[in-house]
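J.: Here you go, one structure.
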Amino acid sequence: MIDIKDLRKSFKDHEVLKGINLHINPKEVVVIIGPSGSGKSTLLRCMNMLEEPTSGKVVVDGIELNGEANINKAREEIGMVFQRFNLFPHMTVLQNITLAPMKVRKISKEEAEKTAMELLTQVGLADKADEYPPQLSGGQQQRVAIARALAMKPKVMLFDEPTSALDPEMVKEVLDVMKSLADKGMTMAIVTHEMGFAREVGDRLLFVDEGQIIEQGPPKDVFDNPKEERTKLFFSKIL
Amino acid sequence: MSFNFDLVIQSFPLLLLGAGITIKITALSVGLGMIIGMFVGIARISHVTPLRMLAAVYIDFLRGTPLLVQIFLIYFALPLMLDQRVDPFVAAITACGINSGAYVAEIFRAGIQAIDKGQMEAGRSLGMTWVQTMRYIIVPQAFKNIIPPLGNEFIALLKDSSLVSVIGFEELTRRGQLIIARTYGSLEIWLSVAVIYLVMTLAISRLVAYMEKRLKTS
């Protein structure tokens with residue numbers, strides 16, 4: 001589903017990603033962890049070209065991400081959820097969800113609204129359809145953001161620290177939505193600090209440090225028997 | 001020194017007619033300026049380098065030269081190039097409109113750049129193009145932010161429109177000059193003209209404050 005070859009990214013003189021190779025299978029849930037500044041968010045943002053790689057190749061759903069047309073095409077298939085939600089504050093929850101399907105997929109308003117209501121029901125917020133994002137709690141906003149991404153019927157979902165900006169009591173409601181998505185077979189790449197969630201939901205855990213994938217494998221193996229010194233050091237600090 | 005109050009009363013209807021024309025020029029120029037300003041402002045931050053440079057040249061030229069000189073260029077110099085007379089009304093609105101466009105462009109640019117860049121990222125990540133994201137997400141939010149500076153621009157333009165009196169266009173200031181030429185009532189007429197301008201600018205600033213409040217609550 002996602003194929004990354006020798007991906008490199010530099011900001012000025014600082015190389016953030018130092019040659020990443022990664023293949024994500026359909027229906028696979030890949031959780032990416034690592035210390036801050038390790039490049040994990042940059043890696044995720046390269047998967048839909050919000051960050052333009054310095055070199056290397058990214059292919060998503062058979063589309064190579066080069067050139068404006070290809071990138072727009074691929075982005076229709078890649079949902080993204082941000083740390084800071086990034087909902088559109090001037091639109092109602094319903095309008096937030098229906099905008100892209102109507103403008104990009106050219107779906108009728110009725111159909112887009114029907115899908116939107118189904119998704120809102122799925123994330124438990126059907127009663128908030130006509131409210132504006134700033135009126136909602138952080139957890140509710142993030143669930144709307146997930147519904148907005150799902151409305152495009154993407155084949156892959158990217159999550160960039162989706163619970164990092166939330167108050168602790170709202171983390172679970174968002175993780176629950178993500179878990180049910182994983183159970184339904186969505187292909188997902190998730191950057192997170194939620195280790196319990198990574199262990200429970202992830203098919204594969206990726207430990208990234210200093211722009212490289214240091215270690216990867218089934219979450220249980222990596223958590224319980226880390227092989228690399230840097231992975232051990234990281235776990236010793238956080239667990 | 002004596003103050004001829006009768007002259008004020010007699011001249012008032014004529015001055016008000018001039019004020020009406022001042023409002024008309026200002027409104028049309030602001031309209032033109034808004035359209036130009038929106039496109040130039042967006043061009044100013046686009047990723048297309050020639051477009052960005054063109055916008056920068058436009059803004060620099062119009063903000064770096066006096067409006068009075070721009071009016072002369074359009075009314076006196078342009079006809080020489082076109083070999084055709086330019087109507088004073090058209091010249092007045094064109095000069096004020098393209099001048100205002102440069103200031104509005106900068107207001108727009110600042111308003112757009114004040115929008116969190118996560119909004120553009122969210123739009124793009126949903127598969128929308130840059131233009132679609134601008135149109136549906138960024139510009140509508142920027143509009144709210146730029147109402148106060150746009151109000152200021154409206155007021156500035158209303159006052160600057162007095163400059164078109166130099167090409168003989170009969171707006172408020174020119175009306176005043178003409179009445180004075182006939183009656184020699186400099187004190188009475190210029191005071192009246194000043195008061196009429198003041199009332200108009202105060203009305204606009206109140207209107208903008210009201211709109212700002214309305215938008216804040218919505």
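Naming works like this for the structure tokens: A, B, ... for the chains as they're shown, residue 1 at the start of each chain, ligands 1 onward in shown order.
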Name the residues of segment 34-219 of chain A that fall into helix (DSSP H, G or I) according to DSSP on the backbone, using the chain letters and numbers of this document, as an mmCIF file with N, CA, C and O atoms, in the first residue's frame.
T.:
data_model
loop_
_atom_site.group_PDB
_atom_site.id
_atom_site.type_symbol
_atom_site.label_atom_id
_atom_site.label_comp_id
_atom_site.auth_asym_id
_atom_site.auth_seq_id
_atom_site.Cartn_x
_atom_site.Cartn_y
_atom_site.Cartn_z
ATOM 1 N N LYS A 40 10.175 11.164 13.143
ATOM 2 C CA LYS A 40 9.005 10.303 12.918
ATOM 3 C C LYS A 40 7.837 11.057 12.289
ATOM 4 O O LYS A 40 7.173 10.543 11.386
ATOM 5 N N SER A 41 7.597 12.306 12.738
ATOM 6 C CA SER A 41 6.516 13.082 12.132
ATOM 7 C C SER A 41 6.854 13.452 10.686
ATOM 8 O O SER A 41 5.986 13.427 9.815
ATOM 9 N N THR A 42 8.112 13.794 10.453
ATOM 10 C CA THR A 42 8.548 14.135 9.100
ATOM 11 C C THR A 42 8.343 12.943 8.166
ATOM 12 O O THR A 42 7.879 13.100 7.038
ATOM 13 N N LEU A 43 8.671 11.755 8.669
ATOM 14 C CA LEU A 43 8.475 10.536 7.878
ATOM 15 C C LEU A 43 7.005 10.386 7.482
ATOM 16 O O LEU A 43 6.671 10.144 6.320
ATOM 17 N N LEU A 44 6.138 10.589 8.474
ATOM 18 C CA LEU A 44 4.700 10.443 8.211
ATOM 19 C C LEU A 44 4.238 11.505 7.201
ATOM 20 O O LEU A 44 3.465 11.217 6.287
ATOM 21 N N ARG A 45 4.726 12.731 7.364
ATOM 22 C CA ARG A 45 4.300 13.834 6.493
ATOM 23 C C ARG A 45 4.852 13.692 5.071
ATOM 24 O O ARG A 45 4.334 14.300 4.141
ATOM 25 N N CYS A 46 5.891 12.894 4.925
ATOM 26 C CA CYS A 46 6.393 12.606 3.578
ATOM 27 C C CYS A 46 5.472 11.622 2.853
ATOM 28 O O CYS A 46 5.497 11.521 1.633
ATOM 29 N N GLU A 68 2.393 17.654 -9.237
ATOM 30 C CA GLU A 68 1.175 18.153 -8.577
ATOM 31 C C GLU A 68 -0.043 17.234 -8.797
ATOM 32 O O GLU A 68 -0.774 16.912 -7.865
ATOM 33 N N ALA A 69 -0.241 16.786 -10.038
ATOM 34 C CA ALA A 69 -1.436 15.994 -10.360
ATOM 35 C C ALA A 69 -1.429 14.665 -9.613
ATOM 36 O O ALA A 69 -2.424 14.268 -9.003
ATOM 37 N N ASN A 70 -0.279 13.981 -9.642
ATOM 38 C CA ASN A 70 -0.149 12.702 -8.944
ATOM 39 C C ASN A 70 -0.356 12.857 -7.450
ATOM 40 O O ASN A 70 -1.003 12.037 -6.811
ATOM 41 N N ILE A 71 0.226 13.918 -6.916
ATOM 42 C CA ILE A 71 0.144 14.115 -5.464
ATOM 43 C C ILE A 71 -1.303 14.353 -5.057
ATOM 44 O O ILE A 71 -1.803 13.757 -4.100
ATOM 45 N N ASN A 72 -2.010 15.215 -5.814
ATOM 46 C CA ASN A 72 -3.427 15.453 -5.499
ATOM 47 C C ASN A 72 -4.239 14.171 -5.601
ATOM 48 O O ASN A 72 -5.108 13.899 -4.781
ATOM 49 N N LYS A 73 -3.950 13.389 -6.627
ATOM 50 C CA LYS A 73 -4.660 12.124 -6.851
ATOM 51 C C LYS A 73 -4.440 11.183 -5.656
ATOM 52 O O LYS A 73 -5.380 10.603 -5.116
ATOM 53 N N ALA A 74 -3.171 11.056 -5.275
ATOM 54 C CA ALA A 74 -2.839 10.148 -4.178
ATOM 55 C C ALA A 74 -3.447 10.617 -2.861
ATOM 56 O O ALA A 74 -3.906 9.810 -2.051
ATOM 57 N N ARG A 75 -3.472 11.943 -2.667
ATOM 58 C CA ARG A 75 -3.985 12.469 -1.396
ATOM 59 C C ARG A 75 -5.464 12.141 -1.197
ATOM 60 O O ARG A 75 -5.944 12.086 -0.073
ATOM 61 N N GLU A 76 -6.185 11.947 -2.316
ATOM 62 C CA GLU A 76 -7.587 11.550 -2.192
ATOM 63 C C GLU A 76 -7.701 10.200 -1.481
ATOM 64 O O GLU A 76 -8.716 9.894 -0.873
ATOM 65 N N VAL A 93 -19.622 21.341 11.739
ATOM 66 C CA VAL A 93 -19.047 19.999 11.732
ATOM 67 C C VAL A 93 -19.427 19.275 10.440
ATOM 68 O O VAL A 93 -18.584 18.691 9.750
ATOM 69 N N LEU A 94 -20.705 19.377 10.070
ATOM 70 C CA LEU A 94 -21.181 18.701 8.864
ATOM 71 C C LEU A 94 -20.477 19.241 7.612
ATOM 72 O O LEU A 94 -20.041 18.475 6.748
ATOM 73 N N GLN A 95 -20.351 20.563 7.531
ATOM 74 C CA GLN A 95 -19.686 21.171 6.366
ATOM 75 C C GLN A 95 -18.211 20.790 6.298
ATOM 76 O O GLN A 95 -17.660 20.600 5.214
ATOM 77 N N ASN A 96 -17.581 20.688 7.481
ATOM 78 C CA ASN A 96 -16.190 20.237 7.529
ATOM 79 C C ASN A 96 -16.028 18.889 6.834
ATOM 80 O O ASN A 96 -15.069 18.660 6.116
ATOM 81 N N ILE A 97 -17.006 18.019 7.082
ATOM 82 C CA ILE A 97 -16.893 16.651 6.589
ATOM 83 C C ILE A 97 -17.284 16.537 5.115
ATOM 84 O O ILE A 97 -16.717 15.753 4.372
ATOM 85 N N THR A 98 -18.253 17.360 4.691
ATOM 86 C CA THR A 98 -18.774 17.197 3.324
ATOM 87 C C THR A 98 -17.985 17.980 2.273
ATOM 88 O O THR A 98 -18.098 17.689 1.086
ATOM 89 N N LEU A 99 -17.182 18.965 2.705
ATOM 90 C CA LEU A 99 -16.518 19.844 1.732
ATOM 91 C C LEU A 99 -15.677 19.095 0.700
ATOM 92 O O LEU A 99 -15.908 19.204 -0.511
ATOM 93 N N ALA A 100 -14.697 18.329 1.200
ATOM 94 C CA ALA A 100 -13.784 17.663 0.260
ATOM 95 C C ALA A 100 -14.480 16.622 -0.628
ATOM 96 O O ALA A 100 -14.249 16.609 -1.840
ATOM 97 N N PRO A 101 -15.349 15.776 -0.068
ATOM 98 C CA PRO A 101 -16.044 14.830 -0.960
ATOM 99 C C PRO A 101 -16.806 15.546 -2.081
ATOM 100 O O PRO A 101 -16.824 15.086 -3.217
ATOM 101 N N MET A 102 -17.422 16.699 -1.757
ATOM 102 C CA MET A 102 -18.179 17.427 -2.782
ATOM 103 C C MET A 102 -17.263 18.099 -3.794
ATOM 104 O O MET A 102 -17.518 18.074 -4.995
ATOM 105 N N LYS A 103 -16.184 18.710 -3.321
ATOM 106 C CA LYS A 103 -15.322 19.480 -4.226
ATOM 107 C C LYS A 103 -14.314 18.603 -4.961
ATOM 108 O O LYS A 103 -13.929 18.917 -6.080
ATOM 109 N N LYS A 109 -24.492 16.845 -2.747
ATOM 110 C CA LYS A 109 -24.601 17.301 -1.362
ATOM 111 C C LYS A 109 -25.355 16.279 -0.508
ATOM 112 O O LYS A 109 -24.931 15.966 0.609
ATOM 113 N N GLU A 110 -26.456 15.766 -1.056
ATOM 114 C CA GLU A 110 -27.287 14.814 -0.305
ATOM 115 C C GLU A 110 -26.461 13.587 0.087
ATOM 116 O O GLU A 110 -26.463 13.149 1.236
ATOM 117 N N GLU A 111 -25.752 13.057 -0.898
ATOM 118 C CA GLU A 111 -24.982 11.852 -0.640
ATOM 119 C C GLU A 111 -23.854 12.127 0.358
ATOM 120 O O GLU A 111 -23.604 11.334 1.280
ATOM 121 N N ALA A 112 -23.183 13.277 0.170
ATOM 122 C CA ALA A 112 -22.084 13.632 1.073
ATOM 123 C C ALA A 112 -22.598 13.786 2.498
ATOM 124 O O ALA A 112 -21.958 13.345 3.455
ATOM 125 N N GLU A 113 -23.775 14.389 2.631
ATOM 126 C CA GLU A 113 -24.326 14.588 3.979
ATOM 127 C C GLU A 113 -24.762 13.269 4.606
ATOM 128 O O GLU A 113 -24.623 13.071 5.811
ATOM 129 N N LYS A 114 -25.259 12.389 3.782
ATOM 130 C CA LYS A 114 -25.677 11.078 4.285
ATOM 131 C C LYS A 114 -24.456 10.322 4.826
ATOM 132 O O LYS A 114 -24.468 9.803 5.942
ATOM 133 N N THR A 115 -23.390 10.301 4.022
ATOM 134 C CA THR A 115 -22.157 9.654 4.460
ATOM 135 C C THR A 115 -21.627 10.316 5.731
ATOM 136 O O THR A 115 -21.191 9.636 6.668
ATOM 137 N N ALA A 116 -21.672 11.647 5.754
ATOM 138 C CA ALA A 116 -21.145 12.390 6.901
ATOM 139 C C ALA A 116 -21.903 12.006 8.176
ATOM 140 O O ALA A 116 -21.289 11.815 9.235
ATOM 141 N N MET A 117 -23.221 11.906 8.064
ATOM 142 C CA MET A 117 -24.004 11.555 9.255
ATOM 143 C C MET A 117 -23.693 10.132 9.726
ATOM 144 O O MET A 117 -23.615 9.874 10.926
ATOM 145 N N GLU A 118 -23.487 9.239 8.767
ATOM 146 C CA GLU A 118 -23.111 7.869 9.150
ATOM 147 C C GLU A 118 -21.780 7.871 9.903
ATOM 148 O O GLU A 118 -21.627 7.198 10.929
ATOM 149 N N LEU A 119 -20.824 8.654 9.372
ATOM 150 C CA LEU A 119 -19.508 8.705 10.011
ATOM 151 C C LEU A 119 -19.592 9.349 11.387
ATOM 152 O O LEU A 119 -18.937 8.912 12.336
ATOM 153 N N LEU A 120 -20.414 10.406 11.491
ATOM 154 C CA LEU A 120 -20.561 11.065 12.790
ATOM 155 C C LEU A 120 -21.181 10.111 13.803
ATOM 156 O O LEU A 120 -20.798 10.111 14.982
ATOM 157 N N THR A 121 -22.126 9.291 13.345
ATOM 158 C CA THR A 121 -22.719 8.289 14.228
ATOM 159 C C THR A 121 -21.639 7.307 14.681
ATOM 160 O O THR A 121 -21.534 6.952 15.851
ATOM 161 N N GLN A 122 -20.816 6.929 13.706
ATOM 162 C CA GLN A 122 -19.738 5.982 13.987
ATOM 163 C C GLN A 122 -18.770 6.510 15.057
ATOM 164 O O GLN A 122 -18.295 5.751 15.888
ATOM 165 N N ALA A 126 -23.162 12.299 16.295
ATOM 166 C CA ALA A 126 -24.236 12.665 15.358
ATOM 167 C C ALA A 126 -24.980 13.918 15.821
ATOM 168 O O ALA A 126 -25.443 14.707 15.001
ATOM 169 N N ASP A 127 -25.048 14.137 17.121
ATOM 170 C CA ASP A 127 -25.804 15.288 17.639
ATOM 171 C C ASP A 127 -25.032 16.606 17.504
ATOM 172 O O ASP A 127 -25.559 17.673 17.790
ATOM 173 N N LYS A 128 -23.784 16.543 17.063
ATOM 174 C CA LYS A 128 -22.976 17.771 16.956
ATOM 175 C C LYS A 128 -22.868 18.295 15.527
ATOM 176 O O LYS A 128 -22.106 19.218 15.251
ATOM 177 N N PRO A 133 -16.668 23.863 15.177
ATOM 178 C CA PRO A 133 -15.575 23.178 15.874
ATOM 179 C C PRO A 133 -15.141 23.823 17.195
ATOM 180 O O PRO A 133 -14.936 23.099 18.170
ATOM 181 N N PRO A 134 -15.017 25.168 17.264
ATOM 182 C CA PRO A 134 -14.542 25.734 18.532
ATOM 183 C C PRO A 134 -15.483 25.469 19.712
ATOM 184 O O PRO A 134 -15.091 25.631 20.860
ATOM 185 N N GLN A 135 -16.738 25.048 19.419
ATOM 186 C CA GLN A 135 -17.670 24.762 20.510
ATOM 187 C C GLN A 135 -17.459 23.364 21.085
ATOM 188 O O GLN A 135 -18.060 23.010 22.090
ATOM 189 N N GLY A 138 -11.669 19.021 22.839
ATOM 190 C CA GLY A 138 -10.564 18.529 22.010
ATOM 191 C C GLY A 138 -10.814 17.120 21.493
ATOM 192 O O GLY A 138 -10.602 16.832 20.315
ATOM 193 N N GLY A 139 -11.287 16.267 22.368
ATOM 194 C CA GLY A 139 -11.541 14.878 21.966
ATOM 195 C C GLY A 139 -12.611 14.796 20.887
ATOM 196 O O GLY A 139 -12.497 14.032 19.927
ATOM 197 N N GLN A 140 -13.652 15.623 21.057
ATOM 198 C CA GLN A 140 -14.719 15.645 20.048
ATOM 199 C C GLN A 140 -14.195 16.182 18.719
ATOM 200 O O GLN A 140 -14.506 15.653 17.651
ATOM 201 N N GLN A 141 -13.367 17.244 18.795
ATOM 202 C CA GLN A 141 -12.808 17.812 17.563
ATOM 203 C C GLN A 141 -11.971 16.777 16.819
ATOM 204 O O GLN A 141 -12.045 16.661 15.604
ATOM 205 N N GLN A 142 -11.184 16.023 17.592
ATOM 206 C CA GLN A 142 -10.332 15.042 16.927
ATOM 207 C C GLN A 142 -11.164 13.928 16.295
ATOM 208 O O GLN A 142 -10.837 13.426 15.221
ATOM 209 N N ARG A 143 -12.275 13.574 16.921
ATOM 210 C CA ARG A 143 -13.135 12.548 16.325
ATOM 211 C C ARG A 143 -13.797 13.075 15.053
ATOM 212 O O ARG A 143 -13.959 12.341 14.076
ATOM 213 N N VAL A 144 -14.156 14.367 15.066
ATOM 214 C CA VAL A 144 -14.692 14.971 13.835
ATOM 215 C C VAL A 144 -13.616 14.951 12.747
ATOM 216 O O VAL A 144 -13.886 14.643 11.582
ATOM 217 N N ALA A 145 -12.382 15.257 13.136
ATOM 218 C CA ALA A 145 -11.285 15.278 12.162
ATOM 219 C C ALA A 145 -11.092 13.890 11.543
ATOM 220 O O ALA A 145 -10.816 13.766 10.344
ATOM 221 N N ILE A 146 -11.253 12.860 12.347
ATOM 222 C CA ILE A 146 -11.143 11.498 11.821
ATOM 223 C C ILE A 146 -12.288 11.230 10.841
ATOM 224 O O ILE A 146 -12.075 10.715 9.740
ATOM 225 N N ALA A 147 -13.507 11.647 11.231
ATOM 226 C CA ALA A 147 -14.659 11.468 10.340
ATOM 227 C C ALA A 147 -14.445 12.237 9.034
ATOM 228 O O ALA A 147 -14.769 11.747 7.943
ATOM 229 N N ARG A 148 -13.881 13.444 9.125
ATOM 230 C CA ARG A 148 -13.626 14.249 7.928
ATOM 231 C C ARG A 148 -12.681 13.526 6.978
ATOM 232 O O ARG A 148 -12.900 13.494 5.763
ATOM 233 N N ALA A 149 -11.624 12.932 7.539
ATOM 234 C CA ALA A 149 -10.675 12.203 6.697
ATOM 235 C C ALA A 149 -11.329 10.966 6.093
ATOM 236 O O ALA A 149 -11.135 10.653 4.916
ATOM 237 N N LEU A 150 -12.162 10.285 6.890
ATOM 238 C CA LEU A 150 -12.798 9.048 6.411
ATOM 239 C C LEU A 150 -13.824 9.313 5.314
ATOM 240 O O LEU A 150 -14.108 8.445 4.494
ATOM 241 N N PRO A 168 -5.944 14.501 29.269
ATOM 242 C CA PRO A 168 -5.835 13.055 29.499
ATOM 243 C C PRO A 168 -7.168 12.307 29.435
ATOM 244 O O PRO A 168 -7.231 11.212 28.888
ATOM 245 N N GLU A 169 -8.237 12.937 29.940
ATOM 246 C CA GLU A 169 -9.504 12.190 29.996
ATOM 247 C C GLU A 169 -10.146 12.030 28.621
ATOM 248 O O GLU A 169 -11.143 11.345 28.471
ATOM 249 N N MET A 170 -9.587 12.681 27.597
ATOM 250 C CA MET A 170 -10.176 12.585 26.257
ATOM 251 C C MET A 170 -9.395 11.671 25.326
ATOM 252 O O MET A 170 -9.784 11.454 24.187
ATOM 253 N N VAL A 171 -8.268 11.180 25.839
ATOM 254 C CA VAL A 171 -7.416 10.358 24.977
ATOM 255 C C VAL A 171 -8.121 9.069 24.569
ATOM 256 O O VAL A 171 -8.098 8.679 23.405
ATOM 257 N N LYS A 172 -8.794 8.469 25.541
ATOM 258 C CA LYS A 172 -9.384 7.152 25.277
ATOM 259 C C LYS A 172 -10.437 7.181 24.173
ATOM 260 O O LYS A 172 -10.467 6.308 23.304
ATOM 261 N N GLU A 173 -11.294 8.215 24.189
ATOM 262 C CA GLU A 173 -12.375 8.255 23.199
ATOM 263 C C GLU A 173 -11.814 8.307 21.779
ATOM 264 O O GLU A 173 -12.405 7.741 20.853
ATOM 265 N N VAL A 174 -10.666 8.961 21.611
ATOM 266 C CA VAL A 174 -10.050 9.046 20.283
ATOM 267 C C VAL A 174 -9.374 7.712 19.930
ATOM 268 O O VAL A 174 -9.524 7.194 18.817
ATOM 269 N N LEU A 175 -8.672 7.147 20.899
ATOM 270 C CA LEU A 175 -8.005 5.866 20.650
ATOM 271 C C LEU A 175 -9.020 4.766 20.339
ATOM 272 O O LEU A 175 -8.780 3.901 19.500
ATOM 273 N N ASP A 176 -10.178 4.839 21.001
ATOM 274 C CA ASP A 176 -11.223 3.836 20.740
ATOM 275 C C ASP A 176 -11.696 3.890 19.291
ATOM 276 O O ASP A 176 -11.902 2.854 18.656
ATOM 277 N N VAL A 177 -11.865 5.115 18.789
ATOM 278 C CA VAL A 177 -12.278 5.276 17.387
ATOM 279 C C VAL A 177 -11.205 4.700 16.457
ATOM 280 O O VAL A 177 -11.502 3.983 15.491
ATOM 281 N N MET A 178 -9.953 4.981 16.796
ATOM 282 C CA MET A 178 -8.856 4.476 15.962
ATOM 283 C C MET A 178 -8.784 2.950 16.005
ATOM 284 O O MET A 178 -8.514 2.297 15.000
ATOM 285 N N LYS A 179 -9.046 2.415 17.188
ATOM 286 C CA LYS A 179 -8.996 0.964 17.345
ATOM 287 C C LYS A 179 -10.081 0.301 16.500
ATOM 288 O O LYS A 179 -9.823 -0.690 15.806
ATOM 289 N N SER A 180 -11.284 0.866 16.525
ATOM 290 C CA SER A 180 -12.378 0.256 15.759
ATOM 291 C C SER A 180 -12.076 0.352 14.259
ATOM 292 O O SER A 180 -12.443 -0.526 13.480
ATOM 293 N N LEU A 181 -11.362 1.414 13.875
ATOM 294 C CA LEU A 181 -10.958 1.572 12.480
ATOM 295 C C LEU A 181 -9.967 0.473 12.084
ATOM 296 O O LEU A 181 -10.065 -0.127 11.013
ATOM 297 N N ALA A 182 -9.024 0.215 12.992
ATOM 298 C CA ALA A 182 -8.040 -0.843 12.745
ATOM 299 C C ALA A 182 -8.731 -2.197 12.653
ATOM 300 O O ALA A 182 -8.417 -3.018 11.783
ATOM 301 N N ASP A 183 -9.718 -2.409 13.536
ATOM 302 C CA ASP A 183 -10.464 -3.679 13.524
ATOM 303 C C ASP A 183 -11.211 -3.892 12.214
ATOM 304 O O ASP A 183 -11.431 -5.016 11.788
ATOM 305 N N MET A 195 1.989 4.163 24.361
ATOM 306 C CA MET A 195 2.638 2.859 24.237
ATOM 307 C C MET A 195 1.663 1.693 24.426
ATOM 308 O O MET A 195 1.775 0.666 23.767
ATOM 309 N N GLY A 196 0.691 1.869 25.330
ATOM 310 C CA GLY A 196 -0.303 0.817 25.549
ATOM 311 C C GLY A 196 -1.096 0.563 24.276
ATOM 312 O O GLY A 196 -1.316 -0.585 23.872
ATOM 313 N N PHE A 197 -1.484 1.644 23.617
ATOM 314 C CA PHE A 197 -2.225 1.551 22.367
ATOM 315 C C PHE A 197 -1.365 0.892 21.281
ATOM 316 O O PHE A 197 -1.833 0.024 20.535
ATOM 317 N N ALA A 198 -0.100 1.282 21.212
ATOM 318 C CA ALA A 198 0.810 0.722 20.218
ATOM 319 C C ALA A 198 0.910 -0.792 20.373
ATOM 320 O O ALA A 198 0.854 -1.546 19.401
ATOM 321 N N ARG A 199 1.009 -1.217 21.620
ATOM 322 C CA ARG A 199 1.147 -2.648 21.902
ATOM 323 C C ARG A 199 -0.136 -3.405 21.534
ATOM 324 O O ARG A 199 -0.089 -4.482 20.948
ATOM 325 N N GLU A 200 -1.272 -2.787 21.864
ATOM 326 C CA GLU A 200 -2.553 -3.468 21.686
ATOM 327 C C GLU A 200 -3.012 -3.505 20.232
ATOM 328 O O GLU A 200 -3.514 -4.518 19.751
ATOM 329 N N VAL A 201 -2.864 -2.371 19.538
ATOM 330 C CA VAL A 201 -3.478 -2.229 18.216
ATOM 331 C C VAL A 201 -2.499 -2.440 17.061
ATOM 332 O O VAL A 201 -2.883 -2.885 15.981
ATOM 333 N N PRO A 219 4.842 -5.444 17.955
ATOM 334 C CA PRO A 219 5.009 -4.576 19.124
ATOM 335 C C PRO A 219 5.436 -5.330 20.380
ATOM 336 O O PRO A 219 6.310 -4.866 21.109
#
J.: Skip Leu215 of chain B itself and residues of its chain fewer than 3 positions away, then list as a list in words all residues within 12 Å of it, counting only C-alpha atoms.
T.: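 The residues that qualify are His90 of chain A; Pro140, Gln141, Phe143, Lys144, Asn145, Ile146, Ile147, Pro148, Val208, Ala209, Tyr210, Met211, Glu212 and Ser218 of chain B.
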J.: For the residues in that selection, give me N, CA and C atoms as a short mmCIF file (atom, residue, chain, number, x, y, z; two decimals), in the first residue's frame.
T.:
data_model
loop_
_atom_site.label_atom_id
_atom_site.label_comp_id
_atom_site.auth_asym_id
_atom_site.auth_seq_id
_atom_site.Cartn_x
_atom_site.Cartn_y
_atom_site.Cartn_z
N HIS A 90 -14.65 28.04 10.47
CA HIS A 90 -15.76 28.84 9.94
C HIS A 90 -16.87 27.97 9.37
N PRO B 140 -12.05 32.79 3.11
CA PRO B 140 -13.19 33.14 3.97
C PRO B 140 -12.78 33.46 5.41
N GLN B 141 -11.77 32.76 5.91
CA GLN B 141 -11.31 33.07 7.28
C GLN B 141 -10.52 34.36 7.32
N PHE B 143 -10.99 36.95 5.49
CA PHE B 143 -11.93 38.07 5.38
C PHE B 143 -12.29 38.65 6.74
N LYS B 144 -12.55 37.75 7.68
CA LYS B 144 -12.91 38.19 9.03
C LYS B 144 -11.80 39.03 9.64
N ASN B 145 -10.56 38.59 9.44
CA ASN B 145 -9.42 39.28 10.06
C ASN B 145 -9.17 40.64 9.45
N ILE B 146 -9.54 40.79 8.17
CA ILE B 146 -9.08 42.00 7.49
C ILE B 146 -10.13 43.09 7.45
N ILE B 147 -11.27 42.87 8.08
CA ILE B 147 -12.30 43.92 8.05
C ILE B 147 -11.82 45.24 8.68
N PRO B 148 -11.17 45.21 9.85
CA PRO B 148 -10.71 46.49 10.39
C PRO B 148 -9.70 47.22 9.48
N VAL B 208 -17.79 49.97 10.36
CA VAL B 208 -16.79 48.89 10.41
C VAL B 208 -16.76 48.27 11.81
N ALA B 209 -16.83 49.13 12.83
CA ALA B 209 -16.82 48.62 14.20
C ALA B 209 -18.02 47.71 14.44
N TYR B 210 -19.16 48.09 13.88
CA TYR B 210 -20.37 47.30 14.02
C TYR B 210 -20.23 45.94 13.33
N MET B 211 -19.69 45.98 12.10
CA MET B 211 -19.51 44.73 11.35
C MET B 211 -18.54 43.80 12.05
N GLU B 212 -17.49 44.41 12.62
CA GLU B 212 -16.48 43.63 13.33
C GLU B 212 -17.11 42.89 14.50
N SER B 218 -20.55 35.79 15.46
CA SER B 218 -21.04 34.70 14.61
C SER B 218 -20.03 33.57 14.51
#
J.: Please identify every residue of chain B that has at least one atom no farther than 10 Å from an atom of chain A, counting only C-alpha atoms, and for each give the shortest atom pair and the distance in Å to one decimal, arranged by chain then increasing number, as CSV.
T.:
residue,atom,partner,partner_atom,distance
B:Asp116,CA,A:Asn86,CA,8.6
B:Lys117,CA,A:Asn86,CA,9.0
B:Gly118,CA,A:Asn86,CA,5.6
B:Gln119,CA,A:Asn86,CA,5.7
B:Met120,CA,A:Asn86,CA,8.9
B:Glu121,CA,A:Leu50,CA,6.8
B:Ala122,CA,A:Asn86,CA,6.1
B:Gly123,CA,A:Ala100,CA,7.9
B:Arg124,CA,A:Arg75,CA,7.7
B:Ser125,CA,A:Arg75,CA,5.8
B:Leu126,CA,A:Glu76,CA,6.0
B:Gly127,CA,A:Glu76,CA,4.7
B:Met128,CA,A:Val104,CA,6.1
B:Thr129,CA,A:Asn72,CA,6.9
B:Trp130,CA,A:Asn72,CA,9.7
B:Gln132,CA,A:Lys103,CA,8.1
B:Thr133,CA,A:Ala100,CA,9.6
B:Tyr136,CA,A:Leu99,CA,8.6
B:Ile137,CA,A:Phe88,CA,6.9
B:Ile138,CA,A:Phe88,CA,9.1
B:Pro140,CA,A:His90,CA,7.8
B:Gln141,CA,A:His90,CA,6.7
B:Lys144,CA,A:His90,CA,9.8
B:Ser218,CA,A:His90,CA,9.2
J.: Report as a ChimeraX atom specification all protein, DNA and RNA residues lying within 9 Å of segment 168-174 of chain B, evaluated on only C-alpha atoms, omitting residues in the same chain fewer than 5 positions from it.
T.: /B:14-23,25,88-89,92,161-163,179,190,193,196-197
J.: For a test of reading the model, state the distance in Å between atom CA of Met47 of chain A and atom CA of Leu205 of chain A, rounded to one decimal.
T.: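 Going from atom CA of Met47 of chain A over to atom CA of Leu205 of chain A, I get 17.1 Å.
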J.: Using only C-alpha atoms, pick whichever of A:Met188, A:Ile33, A:Ala165, A:Ile63 has the shortest atom-to-atom distance to Thr231 of chain A.
T.: A:Ile33
